[in-house]
Amino acid sequence: MKLGVRVLGLALLSVWMGCADFDKAEQEFCERNPGRCGEGLQVTVVLAPAVNASCVLVELRDPSTHAALLQDWLPRTQNELRVSFPSNSLRPELELAARPYQDGDCQGDTVARTPNGSFVTTTVSIIEGARTEATLTLQPGQDEDADGYVSAAAGGADCNDVVHEVNPGAVEECSNTRDLNCDGRPGCDATACGPNACGLLPSSLALTLQSTTVTAGSCTQGTVQVKDASGSDSRVTTPSAVSLASNPDGGFAFYADASCTAAASSTTILAGTGAATFYFQGQVVGNVAISATLSGLPTASQSVQVNPGAGNRIVFVTSPQTLEAGVCSSQVQVQSQDAQGNAAPVTANTTITLAASPNTNFNFFTNPGCTGSPVSTVTLSSGQSTAAFYFGGTAARSVTITAAAPSFTGSTQPQTIRAGPPAAVRLTGPSTATAGDCNATQITLSLLDAYNNPTVATTTTSISLSVSSGRPLTFSRTVGCPSASSTVPINTGSGSATMFFRGTEAGTSTIRATSGSMSPGTLNVTIQAAVPSALEFTTAAQTVQAGNCSSATTVQLRDSYNNPAQATSNTTVTLAVSPQDGFQIFASSGCSGPPVSTVTLPVGSSDASFFFRSTRAQTVTVTAALGTFSKSQNETITPGQPSTIIFLSAPTSVMVWTCSPTTTVQLLDSFGNVSPSTNDLPISLSEFSSFNLRFYTDPNCLNESNTVPVPTGQSTASFYFMSNNPGFMTLTASGPGLGTARHNVNIY
């Protein structure tokens with residue numbers, strides 16, 4: 001942006017801007033805030049073609065006092081002028097004013113001297129963080145004598161708006177007593193006229209052009225000639241410089257040579273001659289008024305129409321745009337221009353090819369709102385110089401678009417797609433963690449727009465974390481998880497925040513991040529066991545019949561949180577039993593192979609299994625040990641099925657006719673373990689001598705019976721006997737599948 005004259009509104013603007021040098025302030029703001037360099041106010045001043053102005057003064061004012069806070073002089077190079085003000089120079093509310101000026105080109109920080117219309121004003125509200133656009137339109141003021149200068153009553157400086165020759169731009173005539181240029185003095189009083197202003201000088205100046213219709217960039221000859229009062233050619237007595245000027249003066253220049261290389265602002269009529277030549281060249285299309293001025297004579301003028309040359313390049317004529325992802329652009333215009341930059345209508349329909357880099361997630365359209373199908377070309381119709389299109393993208397980034405056509409030099413323009421408002425939450429972080437750890441578990445919560453572009457919060461946004469499935473987790477805002485918290489704010493202007501998590505149960509969990517109506521983010525994490533710190537039996541204690549092989553008994557490595565932990569190398573687990581009588585441990589199912597006292601945990605495994613067998617009915621404590629930690633489990637060995645019967649009583653001596661003491665028989669399994677009967681089992685009693693021995697079920701020997709039952713669940717049966725004959729004899733007891741037991745008695 002080229003700034004003209006800037007003024008500070010009293011001391012207030014110094015405080016407001018922080019520095020008096022606006023260019024420096026703008027540069028420093030962009031250096032400090034590269035992401036915000038496009039923010040601020042863009043002012044467009046539209047001049048109706050009939051507005052006579054070589055410059056436009058733009059002012060930013062205090063809306064309450066109307067005092068000017070900032071001024072900028074804009075050269076009128078076209079009918080639509082733009083000026084931008086960075087955001088650090090702006091108040092939230094401003095009054096914007098613009099006024100047309102004549103008699104000055106405002107180039108190089110110069111100021112036009114003649115106001116040519118009133119100020120047009122409007123009030124604007126600055127949008128923080130974005131570009132604010134405002135437009136002011138200048139209409140022609142009252143100019144009754146059509147001399148190009150607006151009357152003083154209408155905001156101009158024409159002191160006599162009914163006389164064409166009188167206006168601020170008129171050249172005083174040294175022979176005239178009237179005030180032609182509205183400076184308050186008659187022409188003869190002008191200092192430049194000298195003491196003999198009304199003397200014998202030529203009375204007029206004639207301006208002749210080789211052609212009044214020229215092509216932009218061509219070099220054309222002009223001639224000035226002094227005339228006397230009768231209109232005849234005259235001569236000067238001394239070298240006389242004729243000043244040359246154009247209106248508008250932008251894009252138009254005078255030269256001293258036919259090749260238009262030696263710039264000149266005047267030509268000299270040599271002494272004794274009455275004419276001089278000059279050359280001119282127009283770069284900008286339009287009607288240009290050429291004037292020639294010789295001191296003391298009326299100004300001579302002639303109009304020249306500058307037409308464009310042949311188009312040879314395609315140029316963007318609208319400004320670069322910054323759009324939100326998914327939003328359609330304003331109209332983009334490209335123009336066919338000649339070598340001097342003038343709009344040059346094409347003579348036939350011309351296809352303009354459109355391209356973008358990068359080109360993914362970016363499209364061109366011919367309809368407002370980016371409706372219809374995307375296109376890659378637009379047509380510049382015959383007789384036209386401008387074609388239009390629209391664009392839109394969904395990926396936030398800078399995109400360079402190109403417009404090119406055959407036989408034309410193409411051009412590029414940067415466009416910016418910025419992220420939209422937050423519409424989703426994204427979770428990133430580690431996929432695995434160790435049980436109990438909260439140091440290497442940082443997760444990042446990021447805001448995305450509707451097209452998955454990273455974006456920032458427009459207000460402080462609270463994000464909530466939860467576990468949607470799997471093992472429970474705790475969350476904290478601080479490494480180490482000193483305190484639990486399931487929410488975290490993302491501050492205004494920031495796009496992310498961090499949290500930490502901790503889990504103690506091994507397994508997979510799904511972390512879910514939510515905030516209002518935004519799409520939630522998820523992250524699957526697996527909690528892995530910590531280092532082994534214990535052994536546990538994972539199979540229940542067993543009850544195994546004597547002589548049978550057990551099912552698998554499994555021991556497992558556990559961490560301090562009771563999670564299965566993997567062995568980092570082949571690890572030996574020592575097995576011990578108490579009591580050891582008849583109890584053996586095996587590595588293979590079915591208790592095959594030799595007995596063992598250890599089992600191996602393979603590397604990467606958490607479990608090791610073994611089997612056991614015992615012939616002794618008892619409770620045995622099995623202890624598994626690894627290093628400094630161990631675990632015990634009680635296993636129960638039950639007797640097998642009864643297979644043997646024995647007498648528990650010692651040999652007995654009984655008097656004749658006397659009922660014996662209690663005599664007991666007991667059931668045993670094949671390993672000698674007392675074995676309860678699974679049903680009522682009859683035991684047959686007998687004696688094969690002739691001592692007349694009888695058996696009874698009661699201690700009084702009243703209920704005689706040769707059988708006695710072993711009740712279900714019992715392993716013994718008792719009976720009594722009595723004889724009337726003395727002598728030594730042998731009692732027998734037998735049952736189904738039990739064999740026969742013998743017992744000696746003495747009857748005396």
# chains A, B, ... in the order shown; residues from 1 in each chain; ligands from 1
$ residues_around --residues "Pro595 (chain A)" --least-positions-apart "2" --cutoff "10 Å" --atoms "only C-alpha atoms" --output "PyMOL selection string"
chain A and resi 583-588+591-593+597-598+611-613
$ residues_around --residues "Gln305 (chain A)" --least-positions-apart "5" --cutoff "8 Å" --atoms "only C-alpha atoms" --output "PyMOL selection string"
chain A and resi 212-214+285-288
$ write_last_selection --atoms "C-alpha atoms" --output "short mmCIF file (atom, residue, chain, number, x, y, z; two decimals), in the first residue's frame"
data_model
loop_
_atom_site.label_atom_id
_atom_site.label_comp_id
_atom_site.auth_asym_id
_atom_site.auth_seq_id
_atom_site.Cartn_x
_atom_site.Cartn_y
_atom_site.Cartn_z
CA THR A 212 -5.87 13.27 -31.71
CA THR A 213 -6.45 9.49 -31.63
CA VAL A 214 -3.39 7.49 -30.65
CA VAL A 285 -6.48 4.47 -22.10
CA GLY A 286 -8.81 7.44 -21.95
CA ASN A 287 -9.34 11.02 -23.01
CA VAL A 288 -6.42 13.26 -22.12
#
$ atom_distance --atom1 "CA of Val58 (chain A)" --atom2 "CA of Leu74 (chain A)"
7.5 Å
$ residues_around --residues "region 724-741 of chain A" --least-positions-apart "5" --cutoff "8 Å" --atoms "only C-alpha atoms" --output "number ranges by chain"
A: 642-647, 655-657, 665, 681-689, 691-693, 746-748
$ residues_around --residues "region 243-247 of chain A" --least-positions-apart "6" --cutoff "6 Å" --atoms "only C-alpha atoms" --output "list in words"
Ser265, Ser266, Val288, Ala289, Ile290, Ser291, Ala292 and Thr293 of chain A
$ residues_around --residues "Ser203 (chain A)" --least-positions-apart "5" --cutoff "7 Å" --atoms "only C-alpha atoms" --output "PDB file with C-alpha atoms, in the first residue's frame"
ATOM      1  CA  LYS A 227      -0.281  34.018 -32.651  1.00  0.00           C
ATOM      2  CA  ASP A 228      -0.900  37.729 -32.713  1.00  0.00           C
ATOM      3  CA  ALA A 229      -4.217  39.451 -31.999  1.00  0.00           C
ATOM      4  CA  LEU A 297      -0.767  34.092 -23.011  1.00  0.00           C
TER       5      LEU A 297
END
$ residues_around --residues "region 465-479 of chain A" --least-positions-apart "3" --cutoff "8 Å" --atoms "only C-alpha atoms" --output "MDAnalysis selection string"
chainID A and resid 438:439 442 482:488 498:514
$ closest_residue --among "A:Arg76, A:Arg91, A:His66, A:Arg82" --to "Asp105 (chain A)" --atoms "only C-alpha atoms"
A:Arg76
$ atom_distance --atom1 "CA of Gly251 (chain A)" --atom2 "CA of Thr215 (chain A)"
12.8 Å
$ select_by_dssp --residues "region 79-263 of chain A" --states "helix (DSSP H, G or I)" --output "PyMOL selection string"
chain A and resi 87-89+107-109+152-154+187-189+191-193
$ write_last_selection --atoms "N, CA, C and O atoms" --output "CSV table (one decimal), in the first residue's frame"
chain,number,residue,atom,x,y,z
A,87,SER,N,-4.7,-3.4,11.0
A,87,SER,CA,-5.6,-3.4,12.2
A,87,SER,C,-5.0,-2.7,13.4
A,87,SER,O,-5.8,-2.2,14.2
A,88,ASN,N,-3.7,-2.6,13.5
A,88,ASN,CA,-3.1,-1.9,14.7
A,88,ASN,C,-3.3,-0.4,14.6
A,88,ASN,O,-3.0,0.3,15.6
A,89,SER,N,-3.8,0.1,13.5
A,89,SER,CA,-4.0,1.6,13.4
A,89,SER,C,-5.5,2.0,13.5
A,89,SER,O,-5.8,3.1,13.2
A,107,GLN,N,1.5,12.2,-6.4
A,107,GLN,CA,2.6,11.3,-6.4
A,107,GLN,C,3.7,11.8,-5.6
A,107,GLN,O,3.9,13.0,-5.4
A,108,GLY,N,4.5,10.8,-5.0
A,108,GLY,CA,5.6,11.2,-4.2
A,108,GLY,C,5.3,12.1,-3.0
A,108,GLY,O,6.0,13.0,-2.6
A,109,ASP,N,4.1,11.7,-2.4
A,109,ASP,CA,3.7,12.4,-1.1
A,109,ASP,C,3.4,13.9,-1.4
A,109,ASP,O,3.5,14.7,-0.5
A,152,ALA,N,-17.7,26.7,-5.5
A,152,ALA,CA,-17.4,26.8,-4.1
A,152,ALA,C,-18.6,26.4,-3.2
A,152,ALA,O,-18.4,25.8,-2.2
A,153,ALA,N,-19.8,26.7,-3.7
A,153,ALA,CA,-21.0,26.4,-2.9
A,153,ALA,C,-21.2,24.9,-2.8
A,153,ALA,O,-21.9,24.4,-1.9
A,154,ALA,N,-20.6,24.1,-3.8
A,154,ALA,CA,-20.8,22.7,-3.8
A,154,ALA,C,-19.5,22.0,-3.3
A,154,ALA,O,-19.3,20.8,-3.5
A,187,GLY,N,-4.9,39.3,-13.5
A,187,GLY,CA,-3.8,38.7,-14.2
A,187,GLY,C,-2.5,39.6,-14.3
A,187,GLY,O,-1.4,39.1,-14.1
A,188,CYS,N,-2.7,40.9,-14.5
A,188,CYS,CA,-1.5,41.7,-14.6
A,188,CYS,C,-0.7,41.8,-13.4
A,188,CYS,O,0.5,42.2,-13.4
A,189,ASP,N,-1.3,41.5,-12.2
A,189,ASP,CA,-0.6,41.5,-11.0
A,189,ASP,C,0.3,40.3,-10.7
A,189,ASP,O,1.0,40.3,-9.7
A,191,THR,N,3.2,37.9,-10.5
A,191,THR,CA,4.6,38.1,-10.4
A,191,THR,C,5.3,37.7,-11.7
A,191,THR,O,6.2,38.3,-12.2
A,192,ALA,N,4.8,36.5,-12.2
A,192,ALA,CA,5.5,36.0,-13.4
A,192,ALA,C,5.3,36.9,-14.6
A,192,ALA,O,6.0,36.7,-15.6
A,193,CYS,N,4.4,37.8,-14.6
A,193,CYS,CA,4.1,38.6,-15.8
A,193,CYS,C,5.2,39.7,-16.0
A,193,CYS,O,5.4,40.2,-17.1
$ residues_around --residues "Pro49 (chain A)" --least-positions-apart "6" --cutoff "10 Å" --atoms "only C-alpha atoms" --output "list in words"
Gln78, Asn79, Glu80, Leu138, Gln139 and Pro140 of chain A
$ closest_residue --among "A:Thr208, A:Ser382, A:Ser240, A:Thr628" --to "Ala344 (chain A)" --atoms "only C-alpha atoms"
A:Ser382
$ closest_residue --among "A:Asp249, A:Glu172, A:Asp158, A:Asp680" --to "Cys106 (chain A)" --atoms "only C-alpha atoms"
A:Asp249
$ closest_residue --among "A:Cys260, A:Ala98, A:Val236, A:Ala216" --to "Arg61 (chain A)" --atoms "only C-alpha atoms"
A:Ala98
$ closest_residue --among "A:Pro421, A:Pro594, A:Gly155, A:Gly222" --to "Gln210 (chain A)" --atoms "only C-alpha atoms"
A:Gly222
$ select_by_dssp --residues "region 226-342 of chain A" --states "strand (DSSP E or B)" --output "number ranges by chain"
A: 226-227, 233, 240-247, 252-255, 263, 266-269, 275-282, 286-293, 300-307, 313-316, 322-324, 332-337
